[in-house]
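*Asks:* coords-v1.cif is reproduced in full below (mmCIF, C-alpha atoms).
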data_protein
#
loop_
_atom_site.label_atom_id
_atom_site.label_comp_id
_atom_site.auth_asym_id
_atom_site.auth_seq_id
_atom_site.Cartn_x
_atom_site.Cartn_y
_atom_site.Cartn_z
CA ASP X 20 -48.58 -17.57 45.81
CA SER X 21 -46.65 -20.54 44.36
CA GLY X 22 -44.75 -21.26 47.57
CA VAL X 23 -41.39 -20.64 45.90
CA THR X 24 -39.55 -17.75 47.55
CA GLN X 25 -36.88 -15.71 45.84
CA THR X 26 -34.76 -13.01 47.42
CA PRO X 27 -34.03 -10.24 46.83
CA LYS X 28 -36.90 -9.01 44.64
CA HIS X 29 -34.79 -6.25 43.14
CA LEU X 30 -31.05 -5.80 42.83
CA ILE X 31 -29.11 -2.93 41.31
CA THR X 32 -25.38 -3.34 40.95
CA ALA X 33 -22.46 -2.08 38.89
CA THR X 34 -20.65 -3.77 36.04
CA GLY X 35 -17.89 -6.10 37.17
CA GLN X 36 -19.58 -6.91 40.47
CA ARG X 37 -20.78 -10.26 41.81
CA VAL X 38 -24.25 -11.01 43.18
CA THR X 39 -26.01 -13.97 44.74
CA LEU X 40 -29.67 -14.75 44.16
CA ARG X 41 -31.45 -17.06 46.58
CA CYS X 42 -34.31 -19.47 46.09
CA SER X 43 -36.30 -21.44 48.66
CA PRO X 44 -38.33 -24.16 46.94
CA ARG X 45 -41.82 -25.25 47.93
CA SER X 46 -41.92 -27.52 50.93
CA GLY X 47 -41.17 -31.07 49.79
CA ASP X 48 -39.79 -30.11 46.38
CA LEU X 49 -36.41 -31.63 45.57
CA SER X 50 -35.84 -30.11 42.14
CA VAL X 51 -34.85 -26.49 41.53
CA TYR X 52 -34.58 -24.76 38.17
CA TRP X 53 -33.08 -21.38 37.31
CA TYR X 54 -34.21 -19.31 34.34
CA GLN X 55 -33.26 -15.94 32.87
CA GLN X 56 -35.93 -13.79 31.23
CA SER X 57 -35.05 -10.85 29.00
CA LEU X 58 -37.17 -8.94 26.50
CA ASP X 59 -35.29 -10.11 23.43
CA GLN X 60 -34.43 -13.70 24.42
CA GLY X 61 -37.52 -14.63 26.39
CA LEU X 62 -37.34 -17.24 29.13
CA GLN X 63 -34.11 -19.22 28.94
CA PHE X 64 -33.28 -22.27 31.03
CA LEU X 65 -30.00 -21.95 32.91
CA ILE X 66 -29.53 -24.92 35.22
CA GLN X 67 -31.39 -27.55 37.25
CA TYR X 68 -30.56 -29.26 40.52
CA TYR X 69 -32.21 -32.29 42.00
CA ASN X 70 -31.65 -33.22 45.63
CA GLY X 71 -28.33 -31.41 45.75
CA GLU X 72 -26.92 -32.69 42.47
CA GLU X 73 -26.71 -30.87 39.15
CA ARG X 74 -29.31 -32.46 36.89
CA ALA X 75 -29.21 -30.46 33.66
CA LYS X 76 -27.41 -27.47 32.24
CA GLY X 77 -28.70 -25.01 29.69
CA ASN X 78 -27.25 -21.84 28.25
CA ILE X 79 -25.54 -20.79 31.45
CA LEU X 80 -22.50 -18.57 31.10
CA GLU X 81 -19.21 -19.58 32.71
CA ARG X 82 -19.47 -16.43 34.84
CA PHE X 83 -22.61 -17.88 36.40
CA SER X 84 -22.73 -20.76 38.84
CA ALA X 85 -25.30 -22.31 41.10
CA GLN X 86 -25.64 -24.83 43.88
CA GLN X 87 -28.31 -26.53 45.92
CA PHE X 88 -27.69 -26.91 49.61
CA PRO X 89 -28.63 -29.81 51.94
CA ASP X 90 -31.72 -27.90 53.11
CA LEU X 91 -32.67 -27.77 49.38
CA HIS X 92 -32.48 -24.00 48.99
CA SER X 93 -30.48 -22.88 45.99
CA GLU X 94 -28.28 -19.95 45.11
CA LEU X 95 -27.36 -18.55 41.72
CA ASN X 96 -24.08 -16.65 41.64
CA LEU X 97 -23.46 -14.13 38.90
CA SER X 98 -19.98 -12.65 38.62
CA SER X 99 -18.13 -10.12 36.46
CA LEU X 100 -21.51 -8.65 35.68
CA GLU X 101 -22.14 -6.98 32.34
CA LEU X 102 -24.92 -4.64 31.23
CA GLY X 103 -26.40 -7.51 29.20
CA ASP X 104 -26.94 -9.55 32.35
CA SER X 105 -29.76 -7.21 33.34
CA ALA X 106 -32.83 -9.43 33.35
CA LEU X 107 -35.41 -11.18 35.47
CA TYR X 108 -34.09 -14.34 37.09
CA PHE X 109 -36.64 -16.97 38.05
CA CYS X 110 -36.38 -20.00 40.20
CA ALA X 111 -38.86 -22.85 39.87
CA SER X 112 -39.28 -26.00 41.90
CA SER X 113 -40.95 -29.38 41.60
CA VAL X 114 -41.13 -32.63 43.51
CA THR X 115 -39.64 -34.80 40.75
CA PRO X 116 -36.73 -34.11 38.37
CA GLY X 117 -39.09 -33.75 35.41
CA PRO X 118 -41.00 -32.87 33.34
CA ASP X 119 -40.11 -29.19 33.60
CA TRP X 120 -43.67 -28.02 33.10
CA GLU X 121 -44.65 -29.47 36.47
CA ALA X 122 -42.46 -26.90 38.23
CA PHE X 123 -43.85 -23.85 40.03
CA PHE X 124 -42.16 -20.50 39.53
CA GLY X 125 -41.20 -17.92 42.11
CA GLN X 126 -41.81 -14.21 41.64
CA GLY X 127 -38.32 -13.59 40.33
CA THR X 128 -35.39 -11.31 41.07
CA ARG X 129 -35.05 -8.28 38.86
CA LEU X 130 -31.36 -7.59 38.32
CA THR X 131 -30.25 -4.26 36.92
CA VAL X 132 -26.58 -3.83 36.05
CA VAL X 133 -25.52 -0.19 35.64
CA GLN K 28 -34.33 -18.25 13.22
CA LYS K 29 -35.69 -19.08 16.66
CA GLU K 30 -37.12 -22.55 17.30
CA VAL K 31 -40.33 -20.99 18.64
CA GLU K 32 -41.79 -17.78 17.24
CA GLN K 33 -44.46 -15.78 19.01
CA ASP K 34 -45.90 -12.38 18.13
CA PRO K 35 -45.02 -10.07 21.05
CA GLY K 36 -48.14 -7.94 20.65
CA PRO K 37 -49.38 -6.05 22.54
CA LEU K 38 -52.84 -7.33 21.77
CA SER K 39 -55.67 -5.16 23.02
CA VAL K 40 -59.26 -6.45 22.99
CA PRO K 41 -62.58 -5.38 24.56
CA GLU K 42 -64.01 -7.38 27.44
CA GLY K 43 -66.02 -10.37 26.20
CA ALA K 44 -64.05 -10.81 22.99
CA ILE K 45 -62.57 -14.10 21.81
CA VAL K 46 -58.79 -13.94 21.94
CA SER K 47 -56.51 -16.00 19.71
CA LEU K 48 -52.85 -16.35 20.65
CA ASN K 49 -50.49 -18.24 18.38
CA CYS K 50 -47.03 -19.71 18.09
CA THR K 51 -45.13 -21.36 15.29
CA TYR K 52 -42.20 -23.69 15.69
CA SER K 53 -39.58 -25.31 13.53
CA ASN K 54 -38.54 -28.41 15.50
CA SER K 55 -40.68 -31.33 14.33
CA ALA K 56 -39.57 -33.35 17.38
CA PHE K 57 -41.70 -31.19 19.71
CA GLN K 58 -44.63 -33.20 21.04
CA TYR K 59 -45.40 -31.57 24.38
CA PHE K 60 -47.01 -28.15 24.18
CA MET K 61 -47.74 -25.72 26.99
CA TRP K 62 -49.21 -22.30 27.54
CA TYR K 63 -48.15 -20.20 30.50
CA ARG K 64 -49.71 -17.03 31.86
CA GLN K 65 -47.48 -14.41 33.43
CA TYR K 66 -48.94 -11.46 35.28
CA SER K 67 -46.86 -8.33 35.67
CA ARG K 68 -44.14 -8.73 38.31
CA LYS K 69 -44.98 -12.43 38.76
CA GLY K 70 -43.50 -15.71 37.61
CA PRO K 71 -45.07 -17.76 34.81
CA GLU K 72 -47.79 -20.23 35.76
CA LEU K 73 -48.82 -23.23 33.70
CA LEU K 74 -52.21 -22.68 32.10
CA MET K 75 -52.61 -25.54 29.65
CA TYR K 76 -50.68 -28.65 28.67
CA THR K 77 -51.29 -30.69 25.52
CA TYR K 78 -49.61 -33.79 24.22
CA SER K 79 -49.28 -34.17 20.45
CA SER K 80 -52.02 -32.86 18.15
CA GLY K 81 -55.62 -31.92 18.80
CA ASN K 82 -57.64 -29.69 21.08
CA LYS K 83 -57.88 -29.42 24.82
CA GLU K 84 -60.47 -27.37 26.64
CA ASP K 85 -60.42 -26.03 30.19
CA GLY K 86 -63.20 -23.63 31.04
CA ARG K 87 -62.85 -20.53 28.87
CA PHE K 88 -59.49 -21.70 27.51
CA THR K 89 -58.89 -23.97 24.52
CA ALA K 90 -55.45 -25.10 23.38
CA GLN K 91 -55.05 -26.30 19.83
CA VAL K 92 -52.07 -28.05 18.26
CA ASP K 93 -51.56 -28.57 14.53
CA LYS K 94 -48.35 -30.55 14.18
CA SER K 95 -48.60 -30.73 10.40
CA SER K 96 -48.40 -26.93 10.23
CA LYS K 97 -46.13 -26.61 13.29
CA TYR K 98 -48.64 -24.17 14.76
CA ILE K 99 -50.25 -23.95 18.17
CA SER K 100 -52.99 -21.68 19.43
CA LEU K 101 -54.64 -20.64 22.66
CA PHE K 102 -58.20 -19.36 22.50
CA ILE K 103 -59.76 -17.42 25.35
CA ARG K 104 -63.54 -17.08 25.23
CA ASP K 105 -65.45 -14.31 26.98
CA SER K 106 -62.20 -12.54 27.84
CA GLN K 107 -62.05 -10.71 31.17
CA PRO K 108 -59.86 -7.83 32.40
CA SER K 109 -58.29 -10.39 34.76
CA ASP K 110 -56.97 -12.21 31.68
CA SER K 111 -54.65 -9.24 31.01
CA ALA K 112 -51.20 -10.77 31.19
CA THR K 113 -48.36 -12.03 29.02
CA TYR K 114 -48.95 -15.47 27.54
CA LEU K 115 -45.97 -17.68 26.80
CA CYS K 116 -46.10 -20.73 24.60
CA ALA K 117 -43.65 -23.50 25.39
CA MET K 118 -42.66 -26.83 23.88
CA SER K 119 -40.63 -29.90 24.58
CA ALA K 120 -39.53 -33.09 22.90
CA ALA K 121 -38.98 -36.58 24.20
CA GLY K 122 -35.54 -37.20 25.64
CA ARG K 123 -33.20 -40.01 24.67
CA GLY K 124 -33.94 -43.11 26.70
CA GLY K 125 -37.20 -41.69 28.00
CA GLY K 126 -37.80 -38.50 29.89
CA TYR K 127 -38.17 -35.06 28.39
CA GLN K 128 -35.96 -32.43 26.84
CA LYS K 129 -35.79 -28.99 28.35
CA VAL K 130 -38.71 -26.72 27.54
CA THR K 131 -38.24 -24.07 24.87
CA PHE K 132 -40.31 -20.93 25.46
CA GLY K 133 -41.69 -18.35 23.10
CA THR K 134 -41.00 -14.70 23.96
CA GLY K 135 -44.61 -14.10 25.01
CA THR K 136 -47.61 -12.10 23.78
CA LYS K 137 -48.84 -9.28 25.98
CA LEU K 138 -52.65 -9.22 26.19
CA GLN K 139 -54.76 -6.37 27.49
CA VAL K 140 -58.49 -6.84 27.97
CA ILE K 141 -60.25 -3.49 28.20
CA PRO K 142 -63.38 -3.23 30.39
#
Using structure tokens, write down the structure from this file.
*Replies:*
Amino acid sequence: DSGVTQTPKHLITATGQRVTLRCSPRSGDLSVYWYQQSLDQGLQFLIQYYNGEERAKGNILERFSAQQFPDLHSELNLSSLELGDSALYFCASSVTPGPDWEAFFGQGTRLTVV
Amino acid sequence: QKEVEQDPGPLSVPEGAIVSLNCTYSNSAFQYFMWYRQYSRKGPELLMYTYSSGNKEDGRFTAQVDKSSKYISLFIRDSQPSDSATYLCAMSAAGRGGGYQKVTFGTGTKLQVIP
């Protein structure tokens, strides 16, 4: 167990809907990363927050947004969902803002858009 | 063409075999190289980290980087059924003004070690 908690574990929703994925980082970690994993694209970096501030942005769609709250948990909001958004979404956390490979991953949220 | 190419497998080997997992890359700026292990229904976990070229050994695992060929490998000796997982290679370059660029991941190779 990495200590990073993601909820829910599974989510099934319809196209056009909006969902929120939640991440609780390890105790003491200030940095939170969000990744999307699909079979064809692999693991893709979406966005990083450090101590409440956006730190880095990757290939995140405009329909997606995230934030990190004062208690350091983070939420990833996905709206106007499309079939292609079906994927595993991972959160990772680390104490410092980098390097990325020092971050620990949660177990992921499997999103299915039907 | 993707920056990092990795054979998706699946790779099936008998217990005790030596496993070789490989990735090629096109970005010559990459100098930090990682291997992650991902069990089914779990998040990736960092297995090995190597800076620049050369070999690094950790127990049954050896990571090898050949920057001249833009090729990295992970060798697993005496493979065990518990090694059955997907292995992701990953790479990063130095950032401007220090720091690191975001990690680029391969798509992963699924390994099955048969008892």
*Asks:* Could you tell me how far atom CA of Tyr78 of chain K lies from atom CA of Val114 of chain X, in Å and to one decimal?
*Replies:* 21.1 Å
*Asks:* Restricting the calculation to only C-alpha atoms, which member of K:Lys94, K:Lys83, K:Lys137, K:Lys129 is positioned closest to Gln58 of chain K?
*Replies:* K:Lys94
*Asks:* Which chain K residues are at most 9 Å from chain X (counting only C-alpha atoms), as a ChimeraX atom specification?
*Replies:* /K:61,68-73,76,115,117,126-135
*Asks:* Quick one: apply the PyMOL selection byres ((chain K and resi 31) around 10) to the file and drop the selected residues here as an MDAnalysis selection string.
*Replies:* chainID K and resid 28:30 32:33 50:54 97:98 116:118 131:134
*Asks:* Quick one: distance from atom CA of Ile45 of chain K to atom CA of Tyr63 of chain K in Å, one decimal?
*Replies:* 17.9 Å
*Asks:* Evaluate the PyMOL selection byres ((chain X and resi 45) around 7) on the structure here and hand back the selected residues as a CSV table (one decimal) with C-alpha atoms, in the frame of the given file.
*Replies:*
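Written file, out-v8.csv:
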chain,number,residue,atom,x,y,z
X,22,GLY,CA,-44.8,-21.3,47.6
X,23,VAL,CA,-41.4,-20.6,45.9
X,43,SER,CA,-36.3,-21.4,48.7
X,44,PRO,CA,-38.3,-24.2,46.9
X,46,SER,CA,-41.9,-27.5,50.9
X,47,GLY,CA,-41.2,-31.1,49.8
X,48,ASP,CA,-39.8,-30.1,46.4
X,112,SER,CA,-39.3,-26.0,41.9
*Asks:* When you draw a straight line from atom CA of Tyr54 of chain X to atom CA of Gln25 of chain X, how long is it in Å?
*Replies:*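 One can read the atom CA of Tyr54 of chain X to atom CA of Gln25 of chain X distance as 12.3 Å.
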*Asks:* Which residues are close to Pro142 of chain K, i.e. within 10 Å by only C-alpha atoms, leaving aside same-chain residues fewer than 5 positions away? Reply as a short mmCIF file (atom, residue, chain, number, x, y, z; two decimals) with C-alpha atoms, in the coordinates of the input.
*Replies:*
data_model
loop_
_atom_site.label_atom_id
_atom_site.label_comp_id
_atom_site.auth_asym_id
_atom_site.auth_seq_id
_atom_site.Cartn_x
_atom_site.Cartn_y
_atom_site.Cartn_z
CA VAL K 40 -59.26 -6.45 22.99
CA PRO K 41 -62.58 -5.38 24.56
CA GLU K 42 -64.01 -7.38 27.44
CA GLY K 43 -66.02 -10.37 26.20
CA SER K 106 -62.20 -12.54 27.84
CA GLN K 107 -62.05 -10.71 31.17
CA PRO K 108 -59.86 -7.83 32.40
CA SER K 109 -58.29 -10.39 34.76
#
*Asks:* For the file shown, what are the residues hit by the PyMOL selection byres ((chain X and resi 93) around 6), laid out as JSON, numbers by chain?
*Replies:* {"X": [41, 42, 86, 87, 92, 94]}
*Asks:* Selected residues, C-alpha atoms, written as an mmCIF file, in the coordinates of the input, please.
*Replies:*
data_model
loop_
_atom_site.group_PDB
_atom_site.id
_atom_site.type_symbol
_atom_site.label_atom_id
_atom_site.label_comp_id
_atom_site.auth_asym_id
_atom_site.auth_seq_id
_atom_site.Cartn_x
_atom_site.Cartn_y
_atom_site.Cartn_z
ATOM 1 C CA ARG X 41 -31.450 -17.060 46.580
ATOM 2 C CA CYS X 42 -34.310 -19.470 46.090
ATOM 3 C CA GLN X 86 -25.640 -24.830 43.880
ATOM 4 C CA GLN X 87 -28.310 -26.530 45.920
ATOM 5 C CA HIS X 92 -32.480 -24.000 48.990
ATOM 6 C CA GLU X 94 -28.280 -19.950 45.110
#
*Asks:* Would you mind listing what lies within 8 Å of Leu38 of chain K as a list in words, with all atoms listed in the file counted and same-chain residues fewer than 5 positions away left out?
*Replies:*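 These residues fall inside the cut-off: Thr136, Lys137, Leu138 and Gln139 of chain K.
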*Asks:* List every protein, DNA or RNA residue with an atom no more than 10 Å from (-18.9, -6.9, 34.3) in the file's coordinates, counting only C-alpha atoms, and format the result as a ChimeraX atom specification.
*Replies:* /X:32-37,82,97-104,132-133
*Asks:* Have a look at X:Leu91, X:Val38, X:Ala85, X:Ile66 and name the one nearest to Leu130 of chain X; count all atoms listed in the file.
*Replies:*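 Closest to Leu130 of chain X of all the choices is X:Val38.
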*Asks:* If you take every atom of segment 26-32 of chain X that the file lists and fit an axis-aligned box around them with 3 Å extra on each side, what centre and edge lengths come out in Å to one decimal, as lines of an AutoDock Vina configuration file?
*Replies:*
center_x = -31.1
center_y = -8.0
center_z = 44.2
size_x = 17.5
size_y = 16.1
size_z = 12.5
*Asks:* Would you mind putting back N, CA and C atoms on segment 105-118 of chain K, then writing it out as an mmCIF file, in the coordinates of the input?
*Replies:*
data_model
loop_
_atom_site.group_PDB
_atom_site.id
_atom_site.type_symbol
_atom_site.label_atom_id
_atom_site.label_comp_id
_atom_site.auth_asym_id
_atom_site.auth_seq_id
_atom_site.Cartn_x
_atom_site.Cartn_y
_atom_site.Cartn_z
ATOM 1 N N ASP K 105 -64.892 -15.238 25.987
ATOM 2 C CA ASP K 105 -65.450 -14.310 26.980
ATOM 3 C C ASP K 105 -64.323 -13.688 27.814
ATOM 4 N N SER K 106 -63.387 -13.059 27.153
ATOM 5 C CA SER K 106 -62.200 -12.540 27.840
ATOM 6 C C SER K 106 -62.575 -11.523 28.915
ATOM 7 N N GLN K 107 -61.825 -11.553 30.007
ATOM 8 C CA GLN K 107 -62.050 -10.710 31.170
ATOM 9 C C GLN K 107 -60.836 -9.820 31.420
ATOM 10 N N PRO K 108 -61.033 -8.679 32.055
ATOM 11 C CA PRO K 108 -59.860 -7.830 32.400
ATOM 12 C C PRO K 108 -58.804 -8.600 33.195
ATOM 13 N N SER K 109 -59.237 -9.588 33.985
ATOM 14 C CA SER K 109 -58.290 -10.390 34.760
ATOM 15 C C SER K 109 -57.432 -11.303 33.891
ATOM 16 N N ASP K 110 -57.797 -11.423 32.605
ATOM 17 C CA ASP K 110 -56.970 -12.210 31.680
ATOM 18 C C ASP K 110 -55.789 -11.384 31.156
ATOM 19 N N SER K 111 -55.752 -10.094 31.465
ATOM 20 C CA SER K 111 -54.650 -9.240 31.010
ATOM 21 C C SER K 111 -53.353 -9.728 31.623
ATOM 22 N N ALA K 112 -52.456 -10.159 30.760
ATOM 23 C CA ALA K 112 -51.200 -10.770 31.190
ATOM 24 C C ALA K 112 -50.363 -11.030 29.940
ATOM 25 N N THR K 113 -49.171 -11.558 30.144
ATOM 26 C CA THR K 113 -48.360 -12.030 29.020
ATOM 27 C C THR K 113 -48.512 -13.542 28.940
ATOM 28 N N TYR K 114 -48.754 -14.040 27.739
ATOM 29 C CA TYR K 114 -48.950 -15.470 27.540
ATOM 30 C C TYR K 114 -47.754 -16.044 26.788
ATOM 31 N N LEU K 115 -47.137 -17.040 27.383
ATOM 32 C CA LEU K 115 -45.970 -17.680 26.800
ATOM 33 C C LEU K 115 -46.333 -19.062 26.286
ATOM 34 N N CYS K 116 -45.985 -19.347 25.048
ATOM 35 C CA CYS K 116 -46.100 -20.730 24.600
ATOM 36 C C CYS K 116 -44.788 -21.434 24.924
ATOM 37 N N ALA K 117 -44.842 -22.743 25.041
ATOM 38 C CA ALA K 117 -43.650 -23.500 25.390
ATOM 39 C C ALA K 117 -43.774 -24.905 24.824
ATOM 40 N N MET K 118 -42.632 -25.530 24.527
ATOM 41 C CA MET K 118 -42.660 -26.830 23.880
ATOM 42 C C MET K 118 -41.493 -27.685 24.324
#
